[in-house]
Amino acid sequence: MIYLDNAATTKVFDCAINAADSAMRESYFNPNATYRDAVAVKASIEKSRRTLAGLTGINPDEIVFTSCATESNNWVFNRAIKNPKGNIVISAGEHSSVYEPAMSLKSKGTDVRIAPLRCDGSVDTDKLYELVDQDTTLVSVIHVSNETGAVNPIKQISSKVKSIAPRAIVHSDGVQGFLKAEPIGSLGVDLYSASAHKIGAPKGIGLLYIRRGVTLAPNNLGGGQERGLRSGTQNTPGIAAFAAAAEHFSLIANHGEVHAVREKLCDYFKSCGFRVIGGAGSGYILCVSIPRVRAEILQNLVCEKGVIIGKGAACSGSKRGNRVLEALGLSREAAECCIRISFFADVKRNEALDAAHIITETAERIRRENVI
Ligand code: PLP
């Protein structure tokens, strides 16, 4: 099988499985208990926190473990709004786990402003800055688009937003950028969400980076775990696996090769008359629109031939249309013809090219036989 839907989720590394396995079989004690073996589990959580922080240029005490990035994003929108009369600015390219909480606030009367996208899939920063004013309380812009791989200039956005609205909180959904694009510590953001299952760890564990000095109301109240910010017994197997996977991912990731493979596929698909959506972007995600070929049909037929690709966001796979692709100027029809090919750290050039050939052959068959 050639698996090219890594933006949806990734195969779990053996080292992450082993770390979780040992946390469950041997180190299963409650990290908040006070006997020796439990204290050792607490220490291993802190070690994992240090590992993750070190890999992305932040301080360990700036990481709060959550159950997933959806939780991290919802936490931001539910708790980071300091001034209820203030406005919120997001981009039109946000994942539904940012967009829906923002819409929920809007339905309760908050002034939510949406910055449009450029045709390369990145946010139109000029328009974004026009929407920010002294009353802006939160700005949230996705780091790397899960649809097109477009990379937003988060560092520039953070500093410009702070110059217009010094009290505004700047958040970025970094699920597709974590360890794949610029490190969190270089971005100047206040808050950043990440998810473990996109980098070779299991599902059910994520984090929220909260910059030192930023105050955020707790997400859960209870036993006071995670410095009182997110009560609930920690997911110790998940945390151990997250750190092990992050270390391994950073070791094996060859961003140059990932970019080169993406480029090769872009050239190939363009030579077949397909439309590559977005600009250079992240090497890890490639979005292609194939005229007169519905992505869902193509996805199912190539799956039968052992090639797994995505179409739009997996989470919103059941919804019709695609809000983000339409926001960058695609018609509903063109968006429904978009496949998403997404790579992992250990991308294999030959496999990617074989998959590309299977995709084009199958697309031609669909057109020839008029499969609908
Ligand atoms: N944000 C982005 C950009 C994503 O791609 C995803 C998942 O695909 C999420 C958030 C949600 O992450 P999780 O599955 O950890 O809730």
# chains A, B, ... in the order shown; residues from 1 in each chain; ligands from 1
call {"tool": "select_by_dssp", "arguments": {"residues": "range 261-322 of chain A", "states": "helix (DSSP H, G or I)", "output": "list of chain:residue names"}}
result
A:Val261, A:Arg262, A:Glu263, A:Lys264, A:Leu265, A:Cys266, A:Asp267, A:Tyr268, A:Phe269, A:Lys270, A:Ser271, A:Ala295, A:Glu296, A:Ile297, A:Leu298, A:Gln299, A:Asn300, A:Leu301, A:Val302, A:Cys303, A:Glu304
call {"tool": "write_last_selection", "arguments": {"atoms": "N, CA, C and O atoms", "output": "PDB file, in the first residue's frame"}}
result
ATOM      1  N   VAL A 261      10.167  15.937  -3.804  1.00  0.00           N
ATOM      2  CA  VAL A 261       9.162  14.977  -4.287  1.00  0.00           C
ATOM      3  C   VAL A 261       7.875  15.728  -4.659  1.00  0.00           C
ATOM      4  O   VAL A 261       7.262  15.482  -5.695  1.00  0.00           O
ATOM      5  N   ARG A 262       7.520  16.677  -3.818  1.00  0.00           N
ATOM      6  CA  ARG A 262       6.303  17.456  -4.098  1.00  0.00           C
ATOM      7  C   ARG A 262       6.461  18.190  -5.438  1.00  0.00           C
ATOM      8  O   ARG A 262       5.547  18.203  -6.263  1.00  0.00           O
ATOM      9  N   GLU A 263       7.644  18.787  -5.640  1.00  0.00           N
ATOM     10  CA  GLU A 263       7.910  19.506  -6.884  1.00  0.00           C
ATOM     11  C   GLU A 263       7.770  18.589  -8.094  1.00  0.00           C
ATOM     12  O   GLU A 263       7.178  18.948  -9.101  1.00  0.00           O
ATOM     13  N   LYS A 264       8.343  17.397  -7.967  1.00  0.00           N
ATOM     14  CA  LYS A 264       8.299  16.415  -9.073  1.00  0.00           C
ATOM     15  C   LYS A 264       6.853  16.078  -9.421  1.00  0.00           C
ATOM     16  O   LYS A 264       6.470  16.050 -10.586  1.00  0.00           O
ATOM     17  N   LEU A 265       6.050  15.860  -8.376  1.00  0.00           N
ATOM     18  CA  LEU A 265       4.649  15.524  -8.614  1.00  0.00           C
ATOM     19  C   LEU A 265       3.889  16.709  -9.205  1.00  0.00           C
ATOM     20  O   LEU A 265       3.043  16.535 -10.082  1.00  0.00           O
ATOM     21  N   CYS A 266       4.225  17.909  -8.740  1.00  0.00           N
ATOM     22  CA  CYS A 266       3.583  19.116  -9.297  1.00  0.00           C
ATOM     23  C   CYS A 266       3.840  19.179 -10.801  1.00  0.00           C
ATOM     24  O   CYS A 266       2.911  19.363 -11.593  1.00  0.00           O
ATOM     25  N   ASP A 267       5.108  19.020 -11.186  1.00  0.00           N
ATOM     26  CA  ASP A 267       5.467  19.102 -12.611  1.00  0.00           C
ATOM     27  C   ASP A 267       4.729  18.030 -13.403  1.00  0.00           C
ATOM     28  O   ASP A 267       4.188  18.284 -14.473  1.00  0.00           O
ATOM     29  N   TYR A 268       4.705  16.835 -12.835  1.00  0.00           N
ATOM     30  CA  TYR A 268       4.072  15.714 -13.533  1.00  0.00           C
ATOM     31  C   TYR A 268       2.572  15.987 -13.718  1.00  0.00           C
ATOM     32  O   TYR A 268       2.031  15.860 -14.822  1.00  0.00           O
ATOM     33  N   PHE A 269       1.905  16.396 -12.644  1.00  0.00           N
ATOM     34  CA  PHE A 269       0.458  16.615 -12.743  1.00  0.00           C
ATOM     35  C   PHE A 269       0.141  17.771 -13.698  1.00  0.00           C
ATOM     36  O   PHE A 269      -0.825  17.711 -14.454  1.00  0.00           O
ATOM     37  N   LYS A 270       0.991  18.805 -13.664  1.00  0.00           N
ATOM     38  CA  LYS A 270       0.756  19.932 -14.585  1.00  0.00           C
ATOM     39  C   LYS A 270       0.906  19.453 -16.029  1.00  0.00           C
ATOM     40  O   LYS A 270       0.137  19.843 -16.902  1.00  0.00           O
ATOM     41  N   SER A 271       1.898  18.582 -16.254  1.00  0.00           N
ATOM     42  CA  SER A 271       2.105  18.081 -17.624  1.00  0.00           C
ATOM     43  C   SER A 271       0.913  17.239 -18.079  1.00  0.00           C
ATOM     44  O   SER A 271       0.712  17.033 -19.268  1.00  0.00           O
ATOM     45  N   ALA A 295     -13.312  13.872  -6.901  1.00  0.00           N
ATOM     46  CA  ALA A 295     -12.259  13.366  -6.013  1.00  0.00           C
ATOM     47  C   ALA A 295     -12.691  12.106  -5.273  1.00  0.00           C
ATOM     48  O   ALA A 295     -11.909  11.180  -5.088  1.00  0.00           O
ATOM     49  N   GLU A 296     -13.961  12.074  -4.880  1.00  0.00           N
ATOM     50  CA  GLU A 296     -14.429  10.942  -4.094  1.00  0.00           C
ATOM     51  C   GLU A 296     -14.341   9.642  -4.893  1.00  0.00           C
ATOM     52  O   GLU A 296     -13.944   8.594  -4.371  1.00  0.00           O
ATOM     53  N   ILE A 297     -14.711   9.732  -6.173  1.00  0.00           N
ATOM     54  CA  ILE A 297     -14.670   8.531  -7.026  1.00  0.00           C
ATOM     55  C   ILE A 297     -13.228   8.114  -7.248  1.00  0.00           C
ATOM     56  O   ILE A 297     -12.861   6.938  -7.111  1.00  0.00           O
ATOM     57  N   LEU A 298     -12.383   9.093  -7.558  1.00  0.00           N
ATOM     58  CA  LEU A 298     -10.964   8.804  -7.787  1.00  0.00           C
ATOM     59  C   LEU A 298     -10.343   8.181  -6.535  1.00  0.00           C
ATOM     60  O   LEU A 298      -9.627   7.171  -6.606  1.00  0.00           O
ATOM     61  N   GLN A 299     -10.653   8.767  -5.409  1.00  0.00           N
ATOM     62  CA  GLN A 299     -10.098   8.277  -4.139  1.00  0.00           C
ATOM     63  C   GLN A 299     -10.454   6.800  -3.922  1.00  0.00           C
ATOM     64  O   GLN A 299      -9.612   5.989  -3.554  1.00  0.00           O
ATOM     65  N   ASN A 300     -11.718   6.459  -4.191  1.00  0.00           N
ATOM     66  CA  ASN A 300     -12.137   5.072  -3.975  1.00  0.00           C
ATOM     67  C   ASN A 300     -11.495   4.118  -4.972  1.00  0.00           C
ATOM     68  O   ASN A 300     -11.090   3.011  -4.614  1.00  0.00           O
ATOM     69  N   LEU A 301     -11.387   4.560  -6.241  1.00  0.00           N
ATOM     70  CA  LEU A 301     -10.819   3.653  -7.249  1.00  0.00           C
ATOM     71  C   LEU A 301      -9.322   3.449  -7.043  1.00  0.00           C
ATOM     72  O   LEU A 301      -8.816   2.341  -7.206  1.00  0.00           O
ATOM     73  N   VAL A 302      -8.580   4.523  -6.674  1.00  0.00           N
ATOM     74  CA  VAL A 302      -7.140   4.315  -6.464  1.00  0.00           C
ATOM     75  C   VAL A 302      -6.902   3.507  -5.187  1.00  0.00           C
ATOM     76  O   VAL A 302      -5.918   2.777  -5.093  1.00  0.00           O
ATOM     77  N   CYS A 303      -7.822   3.610  -4.257  1.00  0.00           N
ATOM     78  CA  CYS A 303      -7.704   2.822  -3.017  1.00  0.00           C
ATOM     79  C   CYS A 303      -7.719   1.328  -3.350  1.00  0.00           C
ATOM     80  O   CYS A 303      -6.964   0.538  -2.795  1.00  0.00           O
ATOM     81  N   GLU A 304      -8.582   0.965  -4.331  1.00  0.00           N
ATOM     82  CA  GLU A 304      -8.636  -0.445  -4.758  1.00  0.00           C
ATOM     83  C   GLU A 304      -7.303  -0.889  -5.341  1.00  0.00           C
ATOM     84  O   GLU A 304      -6.990  -2.070  -5.378  1.00  0.00           O
TER      85      GLU A 304
END
call {"tool": "residues_near_ligand", "arguments": {"ligand": "ligand 1", "cutoff": "9 Å", "atoms": "only C-alpha atoms and all ligand atoms", "output": "ChimeraX atom specification"}}
result
/A:7-9,67-73,94-98,142-147,173-177,193-198,203-207,313-315
call {"tool": "residues_around", "arguments": {"residues": "range 156-165 of chain A", "least_positions_apart": "4", "cutoff": "7 Å", "atoms": "only C-alpha atoms", "output": "VMD selection string"}}
result
chain A and resid 129 132 to 134 136 170 188 to 189
call {"tool": "residues_around", "arguments": {"residues": "Leu128 in chain A", "least_positions_apart": "5", "cutoff": "10 Å", "atoms": "only C-alpha atoms", "output": "PyMOL selection string"}}
result
chain A and resi 89-91+113-117+123+139+141+157+161
call {"tool": "write_last_selection", "arguments": {"atoms": "C-alpha atoms", "output": "mmCIF file, in the first residue's frame"}}
result
data_model
loop_
_atom_site.group_PDB
_atom_site.id
_atom_site.type_symbol
_atom_site.label_atom_id
_atom_site.label_comp_id
_atom_site.auth_asym_id
_atom_site.auth_seq_id
_atom_site.Cartn_x
_atom_site.Cartn_y
_atom_site.Cartn_z
ATOM 1 C CA VAL A 89 -10.009 38.136 13.422
ATOM 2 C CA ILE A 90 -9.478 34.761 11.746
ATOM 3 C CA SER A 91 -8.498 33.786 8.223
ATOM 4 C CA ARG A 113 -13.974 39.240 11.111
ATOM 5 C CA ILE A 114 -12.673 36.928 8.401
ATOM 6 C CA ALA A 115 -9.606 37.817 6.352
ATOM 7 C CA PRO A 116 -9.768 36.515 2.777
ATOM 8 C CA LEU A 117 -7.257 34.201 1.110
ATOM 9 C CA VAL A 123 -4.114 34.702 3.996
ATOM 10 C CA VAL A 139 -6.250 36.891 16.012
ATOM 11 C CA VAL A 141 -4.293 32.298 11.637
ATOM 12 C CA ILE A 157 1.558 38.494 11.312
ATOM 13 C CA VAL A 161 -0.873 42.556 14.833
#
call {"tool": "select_by_dssp", "arguments": {"residues": "range 154-301 of chain A", "states": "strand (DSSP E)", "output": "ChimeraX atom specification"}}
result
/A:169-173,191-195,206-210,275-277,285-289
call {"tool": "closest_residue", "arguments": {"among": "A:Thr66, A:Ser289, A:Asn74, A:Ser107", "to": "Ser231 in chain A", "atoms": "only C-alpha atoms"}}
result
A:Thr66
call {"tool": "closest_residue", "arguments": {"among": "A:Gly273, A:Pro60, A:Gly238, A:Gly93", "to": "Asn322 in chain A", "atoms": "only C-alpha atoms"}}
result
A:Gly93
call {"tool": "residues_around", "arguments": {"residues": "Ser44 in chain A", "least_positions_apart": "3", "cutoff": "10 Å", "atoms": "only C-alpha atoms", "output": "ChimeraX atom specification"}}
result
/A:23,27,31,38-41,47-50,236,239-240
call {"tool": "write_last_selection", "arguments": {"atoms": "C-alpha atoms", "output": "mmCIF file, in the first residue's frame"}}
result
data_model
loop_
_atom_site.group_PDB
_atom_site.id
_atom_site.type_symbol
_atom_site.label_atom_id
_atom_site.label_comp_id
_atom_site.auth_asym_id
_atom_site.auth_seq_id
_atom_site.Cartn_x
_atom_site.Cartn_y
_atom_site.Cartn_z
ATOM 1 C CA ALA A 23 3.771 3.455 29.994
ATOM 2 C CA SER A 27 4.622 2.748 34.386
ATOM 3 C CA PRO A 31 1.338 10.508 37.995
ATOM 4 C CA ALA A 38 4.035 7.393 40.687
ATOM 5 C CA VAL A 39 6.566 10.168 41.178
ATOM 6 C CA ALA A 40 8.695 8.493 38.505
ATOM 7 C CA VAL A 41 5.743 8.633 36.083
ATOM 8 C CA LYS A 47 10.931 14.684 30.537
ATOM 9 C CA SER A 48 8.545 14.386 27.573
ATOM 10 C CA ARG A 49 7.577 18.022 28.013
ATOM 11 C CA ARG A 50 11.257 19.020 27.949
ATOM 12 C CA THR A 236 0.699 9.179 30.178
ATOM 13 C CA ILE A 239 2.473 11.878 26.240
ATOM 14 C CA ALA A 240 5.352 9.372 26.207
#
call {"tool": "atom_distance", "arguments": {"atom1": "CA of Glu130 in chain A", "atom2": "CA of Arg211 in chain A"}}
result
25.6 Å
call {"tool": "residues_around", "arguments": {"residues": "Thr137 in chain A", "least_positions_apart": "6", "cutoff": "9 Å", "atoms": "only C-alpha atoms", "output": "PyMOL selection string"}}
result
chain A and resi 80-89+165+167-170
call {"tool": "residues_around", "arguments": {"residues": "Ala245 in chain A", "least_positions_apart": "5", "cutoff": "7 Å", "atoms": "only C-alpha atoms", "output": "number ranges by chain"}}
result
A: 13, 15-16, 199-201
call {"tool": "closest_residue", "arguments": {"among": "A:Asn350, A:Ser282, A:Thr215, A:Thr148", "to": "Arg118 in chain A", "atoms": "only C-alpha atoms"}}
result
A:Thr148
call {"tool": "atom_distance", "arguments": {"atom1": "CA of Ser122 in chain A", "atom2": "CA of Arg79 in chain A"}}
result
26.6 Å
call {"tool": "closest_residue", "arguments": {"among": "A:Gly306, A:Ala260, A:Lys42, A:Phe274", "to": "Tyr28 in chain A", "atoms": "only C-alpha atoms"}}
result
A:Lys42
call {"tool": "closest_residue", "arguments": {"among": "A:Gly321, A:Val307, A:Ala345, A:Ser140", "to": "Asp5 in chain A", "atoms": "only C-alpha atoms"}}
result
A:Val307
call {"tool": "closest_residue", "arguments": {"among": "A:Pro183, A:Asp61, A:Arg368, A:Ser104", "to": "Leu229 in chain A", "atoms": "only C-alpha atoms"}}
result
A:Asp61
call {"tool": "decode", "arguments": {"residues": "range 259-275 of chain A", "atoms": "all heavy atoms", "output": "compact mmCIF listing (two decimals), in the first residue's frame"}}
result
# COMPACT_ATOMS: atom_id res chain seq x y z
N HIS A 259 10.19 18.29 -0.12
CA HIS A 259 9.92 19.39 -1.07
C HIS A 259 10.20 18.95 -2.51
O HIS A 259 9.43 19.25 -3.42
CB HIS A 259 10.78 20.61 -0.74
CG HIS A 259 10.12 21.51 0.26
ND1 HIS A 259 9.20 22.48 -0.09
CD2 HIS A 259 10.23 21.57 1.61
CE1 HIS A 259 8.78 23.09 1.00
NE2 HIS A 259 9.39 22.56 2.05
N ALA A 260 11.32 18.23 -2.69
CA ALA A 260 11.71 17.81 -4.04
C ALA A 260 10.67 16.85 -4.62
O ALA A 260 10.30 16.97 -5.80
CB ALA A 260 13.08 17.15 -3.99
N VAL A 261 10.17 15.94 -3.80
CA VAL A 261 9.16 14.98 -4.29
C VAL A 261 7.87 15.73 -4.66
O VAL A 261 7.26 15.48 -5.70
CB VAL A 261 8.88 13.89 -3.22
CG1 VAL A 261 7.70 13.02 -3.60
CG2 VAL A 261 10.12 13.03 -3.02
N ARG A 262 7.52 16.68 -3.82
CA ARG A 262 6.30 17.46 -4.10
C ARG A 262 6.46 18.19 -5.44
O ARG A 262 5.55 18.20 -6.26
CB ARG A 262 6.04 18.46 -2.97
CG ARG A 262 4.76 19.26 -3.15
CD ARG A 262 4.68 20.35 -2.12
NE ARG A 262 3.40 21.04 -2.08
CZ ARG A 262 3.08 22.09 -2.80
NH1 ARG A 262 3.93 22.57 -3.69
NH2 ARG A 262 1.89 22.66 -2.68
N GLU A 263 7.64 18.79 -5.64
CA GLU A 263 7.91 19.51 -6.88
C GLU A 263 7.77 18.59 -8.09
O GLU A 263 7.18 18.95 -9.10
CB GLU A 263 9.34 20.08 -6.87
CG GLU A 263 9.45 21.44 -6.23
CD GLU A 263 8.42 22.40 -6.79
OE1 GLU A 263 8.54 22.77 -7.98
OE2 GLU A 263 7.46 22.75 -6.07
N LYS A 264 8.34 17.40 -7.97
CA LYS A 264 8.30 16.41 -9.07
C LYS A 264 6.85 16.08 -9.42
O LYS A 264 6.47 16.05 -10.59
CB LYS A 264 9.00 15.12 -8.64
CG LYS A 264 10.43 15.03 -9.05
CD LYS A 264 10.84 13.64 -9.54
CE LYS A 264 11.44 13.52 -10.92
NZ LYS A 264 12.22 14.57 -11.45
N LEU A 265 6.05 15.86 -8.38
CA LEU A 265 4.65 15.52 -8.61
C LEU A 265 3.89 16.71 -9.21
O LEU A 265 3.04 16.54 -10.08
CB LEU A 265 3.99 15.04 -7.31
CG LEU A 265 3.87 13.52 -7.20
CD1 LEU A 265 5.22 12.84 -7.24
CD2 LEU A 265 3.12 13.11 -5.95
N CYS A 266 4.22 17.91 -8.74
CA CYS A 266 3.58 19.12 -9.30
C CYS A 266 3.84 19.18 -10.80
O CYS A 266 2.91 19.36 -11.59
CB CYS A 266 4.21 20.38 -8.69
SG CYS A 266 3.56 20.83 -7.12
N ASP A 267 5.11 19.02 -11.19
CA ASP A 267 5.47 19.10 -12.61
C ASP A 267 4.73 18.03 -13.40
O ASP A 267 4.19 18.28 -14.47
CB ASP A 267 6.99 18.92 -12.79
CG ASP A 267 7.76 20.09 -12.21
OD1 ASP A 267 7.13 21.14 -11.94
OD2 ASP A 267 8.99 19.95 -12.00
N TYR A 268 4.70 16.83 -12.83
CA TYR A 268 4.07 15.71 -13.53
C TYR A 268 2.57 15.99 -13.72
O TYR A 268 2.03 15.86 -14.82
CB TYR A 268 4.30 14.42 -12.75
CG TYR A 268 3.51 13.26 -13.30
CD1 TYR A 268 3.82 12.71 -14.54
CD2 TYR A 268 2.44 12.72 -12.58
CE1 TYR A 268 3.08 11.66 -15.06
CE2 TYR A 268 1.70 11.67 -13.09
CZ TYR A 268 2.03 11.15 -14.33
OH TYR A 268 1.28 10.11 -14.85
N PHE A 269 1.91 16.40 -12.64
CA PHE A 269 0.46 16.61 -12.74
C PHE A 269 0.14 17.77 -13.70
O PHE A 269 -0.83 17.71 -14.45
CB PHE A 269 -0.15 16.87 -11.36
CG PHE A 269 -0.28 15.64 -10.51
CD1 PHE A 269 0.17 15.61 -9.20
CD2 PHE A 269 -0.87 14.49 -11.03
CE1 PHE A 269 0.04 14.46 -8.42
CE2 PHE A 269 -1.01 13.33 -10.25
CZ PHE A 269 -0.53 13.32 -8.95
N LYS A 270 0.99 18.80 -13.66
CA LYS A 270 0.76 19.93 -14.59
C LYS A 270 0.91 19.45 -16.03
O LYS A 270 0.14 19.84 -16.90
CB LYS A 270 1.75 21.06 -14.30
CG LYS A 270 1.37 21.89 -13.07
CD LYS A 270 2.37 23.00 -12.88
CE LYS A 270 2.26 23.65 -11.52
NZ LYS A 270 3.47 24.39 -11.15
N SER A 271 1.90 18.58 -16.25
CA SER A 271 2.10 18.08 -17.62
C SER A 271 0.91 17.24 -18.08
O SER A 271 0.71 17.03 -19.27
CB SER A 271 3.41 17.29 -17.71
OG SER A 271 3.22 16.02 -17.11
N CYS A 272 0.12 16.74 -17.15
CA CYS A 272 -1.08 15.95 -17.49
C CYS A 272 -2.31 16.86 -17.64
O CYS A 272 -3.43 16.36 -17.81
CB CYS A 272 -1.37 14.94 -16.40
SG CYS A 272 -0.08 13.75 -16.11
N GLY A 273 -2.12 18.16 -17.48
CA GLY A 273 -3.24 19.09 -17.62
C GLY A 273 -4.03 19.27 -16.34
O GLY A 273 -5.13 19.82 -16.34
N PHE A 274 -3.51 18.78 -15.21
CA PHE A 274 -4.20 18.95 -13.93
C PHE A 274 -3.80 20.30 -13.34
O PHE A 274 -2.78 20.87 -13.71
CB PHE A 274 -3.83 17.85 -12.93
CG PHE A 274 -4.15 16.45 -13.39
CD1 PHE A 274 -3.70 15.35 -12.67
CD2 PHE A 274 -4.90 16.21 -14.54
CE1 PHE A 274 -3.99 14.05 -13.07
CE2 PHE A 274 -5.19 14.92 -14.95
CZ PHE A 274 -4.73 13.83 -14.21
N ARG A 275 -4.60 20.78 -12.41
CA ARG A 275 -4.33 22.10 -11.83
C ARG A 275 -3.82 21.96 -10.38
O ARG A 275 -4.53 21.42 -9.53
CB ARG A 275 -5.64 22.90 -11.85
CG ARG A 275 -5.51 24.28 -11.31
CD ARG A 275 -6.80 25.04 -11.57
NE ARG A 275 -6.85 26.24 -10.75
CZ ARG A 275 -7.94 26.88 -10.44
NH1 ARG A 275 -9.11 26.45 -10.89
NH2 ARG A 275 -7.89 27.97 -9.70
